[in-house]
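Peer 1: Before anything else, here's the structure in question.
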Amino acid sequence: MLTEYLRTWPETRRSSHPNASLVAVGAKAKWITENQPLQHGYRQGSPLAKLVEVNGNVLLLGAPFSTITLLHYVEHMANLPNKKTVSFKMPVLCEGKRV
């Protein structure tokens with residue numbers, strides 16, 4: 001699978017978010033993937049926001065446009081009346097402790 005190939009590519013970086021992790025390759029990969037916010041993983045400070053900040057590119061290979069994850073960032077940032085968001089909790093390891 002292409003996604004697994006990219007994830008395991010040398011020097012690929014993966015963000016640490018337990019549910020909304022992303023990978024990046026290239027000179028800014030470490031910066032793009034570090035410090036992803038745990039609440040609302042697609043908001044400001046997320047890898048998607050950083051990708052937009054540096055005018056990055058998204059490559060879709062054989063996937064429909066509607067599946068592009070970058071749309072989650074746009075949805076989160078859009079100021080829409082009566083916009084609904086769904087929140088849930090999940091345990092994560094923080095400094096070796098389950099929180």
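Naming scheme: A, B, ... for chains in displayed order of the structure tokens; residues 1 onward per chain; ligands 1 onward as shown.
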Run DSSP on the backbone of this structure and report the residues of chain A it assigns to strand (DSSP E or B), as a ChimeraX atom specification.

Peer 2: /A:13-14,23-24,93-94,97-98

Peer 1: With C-alpha atoms kept, could you save the residues just selected as a PDB file, in the first residue's frame?

Peer 2:
ATOM      1  CA  ARG A  13       8.303  12.123   9.885  1.00  0.00           C
ATOM      2  CA  ARG A  14       4.971  11.220  11.498  1.00  0.00           C
ATOM      3  CA  VAL A  23       3.352  12.161   7.701  1.00  0.00           C
ATOM      4  CA  ALA A  24       5.666  14.563   5.913  1.00  0.00           C
ATOM      5  CA  LEU A  93       0.756   7.969  26.912  1.00  0.00           C
ATOM      6  CA  CYS A  94       2.331  11.138  28.265  1.00  0.00           C
ATOM      7  CA  LYS A  97       1.802   7.507  31.955  1.00  0.00           C
ATOM      8  CA  ARG A  98      -1.681   6.793  30.640  1.00  0.00           C
TER       9      ARG A  98
END

Peer 1: Report as number ranges by chain all protein, DNA and RNA residues lying within 12 Å of Pro91 (chain A), evaluated on only C-alpha atoms, omitting residues in the same chain fewer than 6 positions from it.

Peer 2: A: 17-19, 38, 97-99

Peer 1: Print the selection's residues with N, CA and C atoms to a file, as a compact mmCIF listing (two decimals), in the first residue's frame.

Peer 2:
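Output contents, as saved in out.txt:
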# COMPACT_ATOMS: atom_id res chain seq x y z
N HIS A 17 -0.13 12.64 16.96
CA HIS A 17 -1.55 12.63 17.32
C HIS A 17 -2.09 11.21 17.22
N PRO A 18 -2.83 10.73 18.25
CA PRO A 18 -3.30 9.34 18.25
C PRO A 18 -4.40 9.03 17.23
N ASN A 19 -5.09 10.04 16.74
CA ASN A 19 -6.20 9.80 15.83
C ASN A 19 -6.09 10.57 14.52
N LEU A 38 -3.35 18.20 20.59
CA LEU A 38 -4.16 17.00 20.85
C LEU A 38 -5.65 17.28 20.70
N LYS A 97 3.02 7.71 31.15
CA LYS A 97 1.80 7.51 31.96
C LYS A 97 0.57 7.62 31.08
N ARG A 98 -0.42 6.76 31.37
CA ARG A 98 -1.68 6.79 30.64
C ARG A 98 -2.54 7.92 31.19
N VAL A 99 -2.88 8.87 30.33
CA VAL A 99 -3.70 10.02 30.75
C VAL A 99 -4.88 10.17 29.81

Peer 1: Using only C-alpha atoms, find the one residue out of A:Ile32, A:Ala49, A:Met90, A:Leu6 that sits nearest to His72 (chain A).

Peer 2: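 Of the candidates, the smallest distance to His72 (chain A) is held by A:Ala49.
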
Peer 1: So how far away is CA of Asn55 (chain A) from CA of Tyr5 (chain A), in Å?

Peer 2: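 According to the coordinates, CA of Tyr5 (chain A) and CA of Asn55 (chain A) are separated by 24.3 Å.
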
Peer 1: Of the candidates A:Ala27, A:Leu22, A:Val74, A:Leu2, which shows the shortest atom-to-atom distance to Gln44 (chain A), using only C-alpha atoms?

Peer 2: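 Closest residue, counting only C-alpha atoms: A:Val74.
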
Peer 1: Could you pull the residues within 10 Å of Leu51 (chain A), counting only C-alpha atoms, minus those fewer than 3 positions along the same chain, as a ChimeraX atom specification?

Peer 2: /A:24,28-29,31-33,45-48,54-58,70

Peer 1: Looking only at the backbone, which of the residues in chain A does DSSP tag as alpha helix (DSSP H), as a tab-separated table (two decimals) with C-alpha atoms, in the first residue's frame?

Peer 2:
chain	number	residue	atom	x	y	z
A	2	LEU	CA	1.33	3.43	-0.96
A	3	THR	CA	0.54	5.06	2.39
A	4	GLU	CA	2.58	2.47	4.29
A	5	TYR	CA	5.43	2.80	1.79
A	6	LEU	CA	5.50	6.55	2.36
A	7	ARG	CA	5.20	6.22	6.14
A	29	ALA	CA	9.03	17.49	7.64
A	30	LYS	CA	10.17	17.65	11.28
A	31	TRP	CA	8.70	21.15	11.78
A	32	ILE	CA	5.45	20.22	10.02
A	33	THR	CA	4.84	17.13	12.17
A	47	PRO	CA	0.53	19.76	10.30
A	48	LEU	CA	-2.20	20.83	7.87
A	49	ALA	CA	-2.04	24.45	9.05
A	50	LYS	CA	1.75	24.38	8.68
A	51	LEU	CA	1.44	22.90	5.19
A	52	VAL	CA	-0.83	25.81	4.24
A	53	GLU	CA	1.58	28.28	5.89
A	70	LEU	CA	-6.64	19.07	3.98
A	71	LEU	CA	-10.38	19.72	3.76
A	72	HIS	CA	-10.62	18.93	7.50
A	73	TYR	CA	-8.42	21.97	8.19
A	74	VAL	CA	-10.63	24.18	6.02
A	75	GLU	CA	-13.75	22.82	7.72
A	76	HIS	CA	-12.28	23.50	11.16
A	77	MET	CA	-11.21	27.06	10.29

Peer 1: So what do you get for CA of Lys89 (chain A) versus CA of Asn35 (chain A), distance-wise?

Peer 2: 18.7 Å

Peer 1: I need the residue nearest His40 (chain A) from this list: A:Ala78, A:Ala20, A:Ala63, A:Val92. Use only C-alpha atoms for the distance.

Peer 2: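 Looking at the shortest contact to His40 (chain A), the residue is A:Ala20.
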